[in-house]
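Q: Input file: data23.txt. Contents: compact mmCIF, C-alpha atoms.
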# COMPACT_ATOMS: atom_id res chain seq x y z
CA MET V 1 -5.64 -0.81 -5.72
CA ASN V 2 -4.24 -2.88 -2.86
CA THR V 3 -4.51 0.03 -0.46
CA THR V 4 -4.35 -0.59 3.27
CA GLU V 5 -5.25 2.27 5.57
CA VAL V 6 -3.32 1.63 8.76
CA PRO V 7 -4.84 2.91 12.01
CA PRO V 8 -2.76 3.49 15.14
CA SER V 9 -2.17 0.11 16.79
CA ASN V 10 0.32 -1.87 18.80
CA ILE V 11 -0.01 -4.65 16.22
CA VAL V 12 2.88 -4.46 13.79
CA GLY V 13 2.39 -6.48 10.64
CA PRO V 14 1.83 -6.28 6.91
CA ASP V 15 -1.71 -4.93 7.35
CA ARG V 16 -1.41 -2.85 10.49
CA VAL V 17 1.38 -0.45 11.27
CA GLY V 18 1.05 2.58 13.47
CA GLU V 19 1.60 4.03 16.92
CA ALA V 20 3.06 1.95 19.69
CA ALA V 21 0.93 0.66 22.55
CA ASP V 22 2.00 3.35 25.02
CA SER V 23 0.53 6.12 22.88
CA THR V 24 -2.49 7.53 24.64
CA PRO V 25 -5.47 9.49 23.34
CA SER V 26 -4.36 12.56 25.34
CA SER V 27 -0.83 12.51 23.92
CA ALA V 28 -2.22 11.96 20.43
CA MET V 29 -4.41 15.06 20.80
CA GLN V 30 -1.35 17.15 21.64
CA SER V 31 0.73 15.97 18.69
CA ARG V 32 0.61 16.65 14.99
CA GLU V 33 -0.28 13.68 12.82
CA ILE V 34 1.91 13.08 9.78
CA ALA V 35 0.28 10.77 7.25
CA VAL V 36 2.92 8.60 5.59
CA ALA V 37 2.37 6.27 2.64
CA HIS V 38 4.77 3.74 1.19
CA SER V 39 4.87 0.41 -0.60
CA PRO V 40 4.29 -2.88 1.25
CA ASP V 41 7.74 -4.13 0.24
CA SER V 42 10.64 -5.37 2.31
CA ASP V 43 12.91 -2.46 1.42
CA ASP V 44 10.32 0.19 2.33
CA ALA V 45 9.40 -1.73 5.49
CA PHE V 46 13.07 -1.82 6.47
CA MET V 47 13.42 1.89 5.77
CA PHE V 48 10.38 2.89 7.84
CA TYR V 49 10.99 0.36 10.62
CA GLY V 50 12.16 2.95 13.14
CA LEU V 51 9.12 5.18 12.65
CA ALA V 52 6.55 2.40 12.23
CA THR V 53 7.51 0.73 15.51
CA ASN V 54 8.27 3.94 17.43
CA LYS V 55 11.93 3.06 17.83
CA VAL V 56 12.39 6.56 16.46
CA ARG V 57 10.23 9.23 18.07
CA VAL V 58 9.84 12.91 17.32
CA PRO V 59 8.39 15.15 20.04
CA GLY V 60 5.16 16.72 18.89
CA LEU V 61 4.67 14.39 15.94
CA ARG V 62 2.95 11.05 15.46
CA PHE V 63 3.23 9.09 12.24
CA THR V 64 0.45 6.98 10.73
CA HIS V 65 1.22 4.65 7.85
CA THR V 66 -0.67 3.58 4.74
CA LEU V 67 0.68 0.70 2.67
CA CYS V 68 -0.08 0.83 -1.02
CA ASP V 69 1.34 -0.25 -4.38
CA ILE V 70 3.56 2.35 -6.01
CA GLU V 71 1.42 3.13 -9.05
CA THR V 72 -1.54 3.91 -6.78
CA LEU V 73 0.72 6.08 -4.61
CA ASN V 74 1.77 8.00 -7.72
CA ARG V 75 -1.88 8.69 -8.51
CA LYS V 76 -2.73 9.59 -4.91
CA ALA V 77 0.18 12.05 -4.85
CA MET V 78 -1.52 13.97 -7.67
CA GLU V 79 -4.44 14.45 -5.28
CA GLY V 80 -2.16 15.51 -2.40
CA VAL V 81 -3.59 12.82 -0.13
CA TYR V 82 -0.56 12.14 2.11
CA ASP V 83 1.91 14.38 3.92
CA VAL V 84 4.81 12.10 3.00
CA THR V 85 4.56 9.60 0.18
CA ALA V 86 6.77 7.22 -1.71
CA ILE V 87 6.68 8.04 -5.41
CA SER V 88 8.29 6.95 -8.64
CA PHE V 89 10.62 9.68 -9.90
CA HIS V 90 8.70 9.58 -13.16
CA ALA V 91 5.70 10.96 -11.24
CA TYR V 92 7.55 13.88 -9.67
CA PRO V 93 7.04 16.46 -12.46
CA TYR V 94 3.28 15.94 -12.13
CA ILE V 95 3.27 16.75 -8.40
CA GLN V 96 6.20 19.17 -8.06
CA ASP V 97 4.00 22.21 -7.41
CA HIS V 98 2.71 20.62 -4.21
CA TYR V 99 5.54 18.31 -3.14
CA ALA V 100 9.31 18.55 -2.70
CA LEU V 101 11.72 15.63 -2.56
CA LEU V 102 13.17 14.47 0.73
CA PRO V 103 16.98 14.12 0.70
CA SER V 104 16.80 10.57 2.08
CA GLY V 105 14.66 7.53 1.38
CA GLY V 106 15.59 7.03 -2.26
CA SER V 107 15.73 3.67 -4.01
CA VAL V 108 18.68 3.86 -6.39
CA GLY V 109 20.07 1.06 -8.54
CA ASP V 110 23.83 1.08 -9.03
CA GLY V 111 24.07 -0.81 -12.30
CA TYR V 112 20.82 -2.73 -11.76
CA GLY V 113 17.12 -2.04 -11.84
CA PRO V 114 13.85 -3.07 -13.52
CA MET V 115 14.21 -5.97 -15.94
CA ILE V 116 12.47 -7.15 -19.07
CA VAL V 117 11.87 -10.90 -18.85
CA SER V 118 10.40 -13.48 -21.20
CA LYS V 119 9.92 -17.23 -21.50
CA ARG V 120 12.14 -17.14 -24.59
CA PRO V 121 15.74 -15.85 -24.86
CA LEU V 122 14.96 -12.88 -27.09
CA THR V 123 17.52 -10.30 -28.22
CA GLU V 124 17.47 -6.67 -27.09
CA ASP V 125 16.58 -5.58 -30.62
CA SER V 126 13.70 -8.04 -30.97
CA ILE V 127 12.21 -7.16 -27.58
CA LYS V 128 11.70 -3.60 -28.78
CA ARG V 129 9.13 -4.93 -31.26
CA LYS V 130 7.12 -6.84 -28.65
CA LYS V 131 4.29 -5.73 -26.40
CA ILE V 132 5.58 -5.45 -22.82
CA ALA V 133 3.52 -5.85 -19.66
CA VAL V 134 4.37 -2.89 -17.41
CA PRO V 135 3.50 -2.13 -13.76
CA GLY V 136 2.09 1.33 -14.47
CA THR V 137 2.64 4.29 -16.75
CA LEU V 138 3.89 6.58 -13.98
CA THR V 139 6.55 4.17 -12.74
CA THR V 140 10.19 4.97 -13.40
CA ALA V 141 10.45 1.51 -14.92
CA TYR V 142 7.99 2.61 -17.63
CA LEU V 143 9.90 5.83 -18.22
CA VAL V 144 13.26 4.08 -18.65
CA LEU V 145 11.67 1.41 -20.86
CA ASN V 146 10.48 4.15 -23.21
CA LEU V 147 13.92 5.77 -23.22
CA PHE V 148 15.39 2.37 -24.09
CA ALA V 149 12.78 1.63 -26.76
CA PRO V 150 10.89 4.77 -27.89
CA GLY V 151 7.32 4.06 -28.91
CA ILE V 152 7.29 0.51 -27.55
CA GLU V 153 3.85 -1.06 -27.11
CA THR V 154 2.86 -1.74 -23.52
CA ASP V 155 0.06 -3.27 -21.48
CA VAL V 156 -0.52 -2.19 -17.86
CA VAL V 157 -0.65 -5.13 -15.44
CA PRO V 158 -0.45 -5.13 -11.60
CA PHE V 159 3.22 -5.55 -10.73
CA ASP V 160 2.68 -8.83 -8.87
CA GLN V 161 0.80 -10.34 -11.82
CA ILE V 162 3.41 -9.70 -14.49
CA ILE V 163 5.53 -12.80 -13.88
CA PRO V 164 2.48 -15.11 -13.58
CA GLN V 165 1.01 -13.74 -16.81
CA VAL V 166 4.29 -14.16 -18.70
CA LEU V 167 4.55 -17.74 -17.41
CA ALA V 168 0.95 -18.42 -18.45
CA GLY V 169 1.61 -17.12 -21.96
CA GLU V 170 -0.81 -14.24 -21.54
CA GLN V 171 2.06 -11.79 -22.04
CA GLU V 172 5.12 -12.43 -24.20
CA ALA V 173 7.35 -10.26 -22.03
CA GLY V 174 7.11 -8.26 -18.83
CA LEU V 175 8.85 -5.41 -17.06
CA ILE V 176 9.47 -6.51 -13.47
CA ILE V 177 10.19 -4.45 -10.36
CA HIS V 178 10.53 -5.10 -6.62
CA GLU V 179 11.41 -8.63 -5.47
CA GLY V 180 10.73 -10.04 -8.92
CA GLN V 181 14.24 -8.93 -9.84
CA LEU V 182 15.55 -11.75 -7.61
CA THR V 183 12.86 -14.39 -8.18
CA TYR V 184 12.19 -14.40 -11.96
CA ASN V 185 14.82 -17.04 -12.74
CA ARG V 186 13.27 -19.56 -10.35
CA SER V 187 10.44 -19.90 -12.85
CA GLY V 188 12.74 -20.38 -15.82
CA LEU V 189 12.24 -16.90 -17.25
CA HIS V 190 14.99 -15.25 -19.24
CA ARG V 191 16.28 -11.77 -18.49
CA ILE V 192 16.38 -9.91 -21.78
CA VAL V 193 17.71 -6.58 -20.50
CA ASP V 194 18.41 -5.01 -17.13
CA LEU V 195 17.37 -1.38 -17.59
CA GLY V 196 19.51 -0.27 -14.64
CA ALA V 197 22.58 -1.65 -16.37
CA TRP V 198 21.50 -0.10 -19.69
CA TRP V 199 20.97 3.27 -18.00
CA GLN V 200 24.41 3.19 -16.38
CA GLN V 201 26.07 2.27 -19.68
CA THR V 202 24.19 5.11 -21.39
CA THR V 203 24.69 7.87 -18.80
CA GLY V 204 27.43 6.69 -16.43
CA LEU V 205 24.99 7.33 -13.57
CA PRO V 206 23.05 5.19 -11.10
CA LEU V 207 19.33 4.75 -11.82
CA PRO V 208 17.05 6.61 -9.36
CA LEU V 209 13.83 4.64 -9.22
CA GLY V 210 11.78 6.07 -6.38
CA GLY V 211 11.98 8.52 -3.54
CA ASN V 212 9.92 10.13 -0.82
CA ALA V 213 8.08 13.40 -1.38
CA ILE V 214 6.68 15.77 1.24
CA ARG V 215 3.83 18.25 0.96
CA ARG V 216 5.06 21.83 0.67
CA SER V 217 2.04 23.09 2.62
CA LEU V 218 3.56 21.69 5.83
CA GLY V 219 5.94 24.64 5.78
CA PRO V 220 9.76 24.74 5.84
CA GLU V 221 10.20 24.09 9.57
CA LEU V 222 7.96 21.02 9.72
CA MET V 223 9.31 19.70 6.42
CA LEU V 224 12.84 19.75 7.87
CA LYS V 225 11.66 18.08 11.06
CA VAL V 226 9.95 15.26 9.16
CA SER V 227 12.95 14.93 6.87
CA GLY V 228 15.21 14.39 9.87
CA ALA V 229 12.80 11.80 11.27
CA LEU V 230 12.91 9.75 8.09
CA ARG V 231 16.68 9.88 7.96
CA ASP V 232 16.85 8.77 11.60
CA SER V 233 14.51 5.88 10.81
CA ILE V 234 16.74 4.70 7.97
CA GLN V 235 19.87 5.06 10.11
CA TYR V 236 18.23 3.13 12.94
CA ALA V 237 17.42 0.24 10.59
CA LEU V 238 20.95 0.18 9.20
CA ASP V 239 22.37 0.24 12.73
CA HIS V 240 19.98 -2.52 13.91
CA ARG V 241 19.96 -4.54 10.72
CA GLU V 242 18.94 -7.93 12.12
CA GLU V 243 15.86 -6.72 13.97
CA ALA V 244 14.85 -4.47 11.08
CA LEU V 245 15.23 -7.37 8.64
CA ASN V 246 13.12 -9.60 10.86
CA TYR V 247 10.40 -6.97 10.70
CA ALA V 248 10.78 -6.48 6.94
CA MET V 249 10.42 -10.24 6.30
CA GLN V 250 6.66 -9.80 6.77
CA PHE V 251 6.68 -7.92 3.47
CA ALA V 252 9.28 -10.02 1.57
CA ARG V 253 7.07 -11.63 -1.06
CA ASP V 254 8.42 -15.13 -1.83
CA LEU V 255 11.91 -14.28 -0.54
CA ASP V 256 13.82 -16.31 2.01
CA SER V 257 15.80 -14.44 4.65
CA ARG V 258 19.02 -14.50 2.64
CA SER V 259 17.34 -13.15 -0.50
CA ALA V 260 15.47 -10.52 1.51
CA ASP V 261 18.76 -9.40 3.03
CA LYS V 262 20.21 -9.08 -0.47
CA PHE V 263 17.19 -7.19 -1.80
CA VAL V 264 17.15 -4.75 1.11
CA GLY V 265 20.88 -4.19 0.64
CA MET V 266 20.28 -3.32 -3.00
CA TYR V 267 17.84 -0.54 -2.20
CA VAL V 268 18.49 0.56 1.40
CA ASN V 269 22.10 1.65 1.85
CA GLN V 270 24.21 4.79 2.12
CA ARG V 271 22.50 6.23 -0.97
CA THR V 272 19.22 5.89 0.89
CA LEU V 273 20.57 8.14 3.63
CA ASP V 274 21.78 10.63 1.03
CA TYR V 275 21.61 10.43 -2.76
CA GLY V 276 25.05 11.94 -3.21
CA GLU V 277 25.89 14.42 -5.95
CA ASP V 278 25.75 11.81 -8.70
CA GLY V 279 22.45 10.48 -7.35
CA ARG V 280 20.85 13.92 -7.43
CA GLU V 281 22.30 14.55 -10.88
CA ALA V 282 20.82 11.23 -11.99
CA VAL V 283 17.34 12.36 -10.91
CA ARG V 284 17.70 15.57 -12.91
CA ARG V 285 19.12 13.75 -15.96
CA LEU V 286 16.38 11.12 -15.94
CA LEU V 287 13.60 13.69 -15.90
CA GLU V 288 15.33 15.95 -18.44
CA MET V 289 15.69 13.01 -20.82
CA GLY V 290 12.07 12.01 -20.28
CA HIS V 291 10.91 15.54 -21.07
CA ALA V 292 13.19 15.88 -24.11
CA ALA V 293 11.85 12.57 -25.45
CA GLY V 294 8.27 13.78 -25.11
CA ILE V 295 7.41 11.15 -22.48
CA ILE V 296 6.96 13.73 -19.70
CA PRO V 297 4.97 16.81 -20.76
CA HIS V 298 6.18 18.98 -17.86
CA GLU V 299 9.70 20.28 -17.41
CA ALA V 300 10.93 19.09 -14.04
CA ARG V 301 12.05 21.48 -11.32
CA VAL V 302 13.89 19.11 -9.01
CA GLU V 303 13.97 20.47 -5.45
CA PHE V 304 15.19 18.64 -2.36
CA VAL V 305 14.32 19.69 1.20
CA GLY V 306 17.32 21.13 3.03
Turn this file's structure into structure tokens for me.
A:
Amino acid sequence: MNTTEVPPSNIVGPDRVGEAADSTPSSAMQSREIAVAHSPDSDDAFMFYGLATNKVRVPGLRFTHTLCDIETLNRKAMEGVYDVTAISFHAYPYIQDHYALLPSGGSVGDGYGPMIVSKRPLTEDSIKRKKIAVPGTLTTAYLVLNLFAPGIETDVVPFDQIIPQVLAGEQEAGLIIHEGQLTYNRSGLHRIVDLGAWWQQTTGLPLPLGGNAIRRSLGPELMLKVSGALRDSIQYALDHREEALNYAMQFARDLDSRSADKFVGMYVNQRTLDYGEDGREAVRRLLEMGHAAGIIPHEARVEFVG
């Protein structure tokens, strides 16, 4: 599952992120712990930089971080494991009774998103008749793939193994997310369709891929307080881009600094601070279309904090 439980520590790295060194046992006892979970990716690392390194502090709260792949986070959210968790929007209808969406922290593709790649230059029509390796059935990538090609055959593969398996001939085509969107062509793979571009052409909206959800049981006051902390963390990273990027490079799988900067810019920007009206509408439209197509059994009740 690639899950890393991250204890409080002054060591900041891909496997250990937590409280700063000046946190003391006595202060920890007087503060409320907020368990946060997100992906070990450069964009999420950039987003949470302020909180993970205590550049952003909230009186009375201390944040602990768990790094985990997104499909596992989707499953863990169904169990209500974390106070704040990154999720795929596809997963939200399954957890909406216990979680609300935070108004910041979204990963939104403006005309770009998950891609179907192959070793051969297939057409969009022919790819619909192939079996596609996918990073998980609760990912938004999977949802949009099924809107693009209803009934398509899929095979679940860990997201970081999709490109290697396509290259090895074990899979004819794969649906790639994360940094793979920038690295696939280095291996000679062909992009068959960019689902973010297809979505925009179909709906006129950006593609909301993932967001951050917060447990409703924290109560309205604490939910707003945590929401503000996350927004402050994102703003701090945007305002201190170079240092935040240096930190995020620890999580930039196979990306050089220039590519990491580009990738972070794709998914951490002004829309990450606030979805905007069209961004929120895109979330609703995506889930409505998924429900209408019979992909999502539950009707979504999209609710943002604040």
Q: Using only C-alpha atoms, pick whichever of V:Gly113, V:Gly276, V:Gly80, V:Gly306 has the shortest atom-to-atom distance to Glu221 (chain V).
A: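 Checking each of V:Gly113, V:Gly276, V:Gly80, V:Gly306 against Glu221 (chain V), counting only C-alpha atoms, the winner is V:Gly306.
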Q: Using all atoms listed in the file, what residues lie at most 12 Å away from (12.9, 7.2, -19.6) (file coordinates), given as an mmCIF file with C-alpha atoms, keeping the file's coordinate frame?
A:
data_model
loop_
_atom_site.group_PDB
_atom_site.id
_atom_site.type_symbol
_atom_site.label_atom_id
_atom_site.label_comp_id
_atom_site.auth_asym_id
_atom_site.auth_seq_id
_atom_site.Cartn_x
_atom_site.Cartn_y
_atom_site.Cartn_z
ATOM 1 C CA SER V 88 8.290 6.950 -8.640
ATOM 2 C CA PHE V 89 10.620 9.680 -9.900
ATOM 3 C CA HIS V 90 8.700 9.580 -13.160
ATOM 4 C CA ALA V 91 5.700 10.960 -11.240
ATOM 5 C CA PRO V 114 13.850 -3.070 -13.520
ATOM 6 C CA THR V 137 2.640 4.290 -16.750
ATOM 7 C CA LEU V 138 3.890 6.580 -13.980
ATOM 8 C CA THR V 139 6.550 4.170 -12.740
ATOM 9 C CA THR V 140 10.190 4.970 -13.400
ATOM 10 C CA ALA V 141 10.450 1.510 -14.920
ATOM 11 C CA TYR V 142 7.990 2.610 -17.630
ATOM 12 C CA LEU V 143 9.900 5.830 -18.220
ATOM 13 C CA VAL V 144 13.260 4.080 -18.650
ATOM 14 C CA LEU V 145 11.670 1.410 -20.860
ATOM 15 C CA ASN V 146 10.480 4.150 -23.210
ATOM 16 C CA LEU V 147 13.920 5.770 -23.220
ATOM 17 C CA PHE V 148 15.390 2.370 -24.090
ATOM 18 C CA ALA V 149 12.780 1.630 -26.760
ATOM 19 C CA PRO V 150 10.890 4.770 -27.890
ATOM 20 C CA GLY V 151 7.320 4.060 -28.910
ATOM 21 C CA ILE V 152 7.290 0.510 -27.550
ATOM 22 C CA LEU V 195 17.370 -1.380 -17.590
ATOM 23 C CA GLY V 196 19.510 -0.270 -14.640
ATOM 24 C CA TRP V 198 21.500 -0.100 -19.690
ATOM 25 C CA TRP V 199 20.970 3.270 -18.000
ATOM 26 C CA THR V 202 24.190 5.110 -21.390
ATOM 27 C CA THR V 203 24.690 7.870 -18.800
ATOM 28 C CA LEU V 207 19.330 4.750 -11.820
ATOM 29 C CA PRO V 208 17.050 6.610 -9.360
ATOM 30 C CA LEU V 209 13.830 4.640 -9.220
ATOM 31 C CA ALA V 282 20.820 11.230 -11.990
ATOM 32 C CA VAL V 283 17.340 12.360 -10.910
ATOM 33 C CA ARG V 284 17.700 15.570 -12.910
ATOM 34 C CA ARG V 285 19.120 13.750 -15.960
ATOM 35 C CA LEU V 286 16.380 11.120 -15.940
ATOM 36 C CA LEU V 287 13.600 13.690 -15.900
ATOM 37 C CA GLU V 288 15.330 15.950 -18.440
ATOM 38 C CA MET V 289 15.690 13.010 -20.820
ATOM 39 C CA GLY V 290 12.070 12.010 -20.280
ATOM 40 C CA HIS V 291 10.910 15.540 -21.070
ATOM 41 C CA ALA V 292 13.190 15.880 -24.110
ATOM 42 C CA ALA V 293 11.850 12.570 -25.450
ATOM 43 C CA GLY V 294 8.270 13.780 -25.110
ATOM 44 C CA ILE V 295 7.410 11.150 -22.480
ATOM 45 C CA ILE V 296 6.960 13.730 -19.700
#
Q: Could you tell me how far CA of Ala197 (chain V) sits from CA of Ala100 (chain V), in Å to one decimal place?
A: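 Computing it gives 27.8 Å between the two atoms.
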Q: Nearest to Gly188 (chain V): which of V:Val36, V:Leu122, V:Ala244, V:Val117 is it, counting all atoms listed in the file?
A: V:Val117
Q: For CA of Gln171 (chain V) and CA of Glu124 (chain V), quote the distance in Å rounded to one decimal.
A: 17.0 Å
Q: At a cut-off of 12 Å, using only C-alpha atoms, what residues contact Leu73 (chain V)? Leave out same-chain residues fewer than 3 positions from it and give the result as a PyMOL selection string.
A: chain V and resi 1-4+36-40+66-70+76-89+91-92+95+136+138-139+210-213
Q: Could you check which of V:Met115, V:Arg120, V:Gly174, V:Leu224 is closest to Ala133 (chain V), using only C-alpha atoms?
A: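 Between V:Met115, V:Arg120, V:Gly174, V:Leu224, the residue approaching Ala133 (chain V) most closely is V:Gly174.
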Q: Give me, please, the distance in Å between CA of Pro220 (chain V) and CA of Asn269 (chain V), quoted to one decimal.
A: 26.5 Å
Q: For a quick check of understanding, using only C-alpha atoms, which of V:Gly111, V:Pro59, V:Gly50, V:Pro164 has the smallest distance to Met266 (chain V)?
A: V:Gly111
Q: Would you pick out the contacts of His98 (chain V) at 7 Å or less, using all atoms listed in the file, so that residues sharing its chain but fewer than 2 positions from it are not included, and give the list as JSON, numbers by chain?
A: {"V": [95, 96, 215, 216]}
Q: Would you mind listing what lies within 12 Å of Val56 (chain V) as an mmCIF file with C-alpha atoms, in the coordinates of the input, with all atoms listed in the file counted and same-chain residues fewer than 4 positions away left out?
A:
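Written out: result.cif:
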data_model
loop_
_atom_site.group_PDB
_atom_site.id
_atom_site.type_symbol
_atom_site.label_atom_id
_atom_site.label_comp_id
_atom_site.auth_asym_id
_atom_site.auth_seq_id
_atom_site.Cartn_x
_atom_site.Cartn_y
_atom_site.Cartn_z
ATOM 1 C CA GLU V 19 1.600 4.030 16.920
ATOM 2 C CA ALA V 20 3.060 1.950 19.690
ATOM 3 C CA MET V 47 13.420 1.890 5.770
ATOM 4 C CA PHE V 48 10.380 2.890 7.840
ATOM 5 C CA TYR V 49 10.990 0.360 10.620
ATOM 6 C CA GLY V 50 12.160 2.950 13.140
ATOM 7 C CA LEU V 51 9.120 5.180 12.650
ATOM 8 C CA ALA V 52 6.550 2.400 12.230
ATOM 9 C CA LEU V 61 4.670 14.390 15.940
ATOM 10 C CA ARG V 62 2.950 11.050 15.460
ATOM 11 C CA PHE V 63 3.230 9.090 12.240
ATOM 12 C CA VAL V 226 9.950 15.260 9.160
ATOM 13 C CA GLY V 228 15.210 14.390 9.870
ATOM 14 C CA ALA V 229 12.800 11.800 11.270
ATOM 15 C CA LEU V 230 12.910 9.750 8.090
ATOM 16 C CA ARG V 231 16.680 9.880 7.960
ATOM 17 C CA ASP V 232 16.850 8.770 11.600
ATOM 18 C CA SER V 233 14.510 5.880 10.810
ATOM 19 C CA ILE V 234 16.740 4.700 7.970
ATOM 20 C CA GLN V 235 19.870 5.060 10.110
ATOM 21 C CA TYR V 236 18.230 3.130 12.940
ATOM 22 C CA ALA V 237 17.420 0.240 10.590
#
Q: Identify which of the residues V:Asp274, V:Ile192, V:Arg253, V:Phe159 lies closest to Ile177 (chain V), counting all atoms listed in the file when measuring atom-to-atom distances.
A: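 Ranked by minimum distance to Ile177 (chain V), first place goes to V:Phe159.
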Q: For Thr183 (chain V), please output as a list in words all residues within 9 Å (counting all atoms listed in the file; exclusion window: fewer than 2 positions along the same chain).
A: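 My list of contacting residues is Glu179, Gly180, Gln181, Asn185, Arg186, Ser187, Asp254, Leu255 and Ser259 of chain V.
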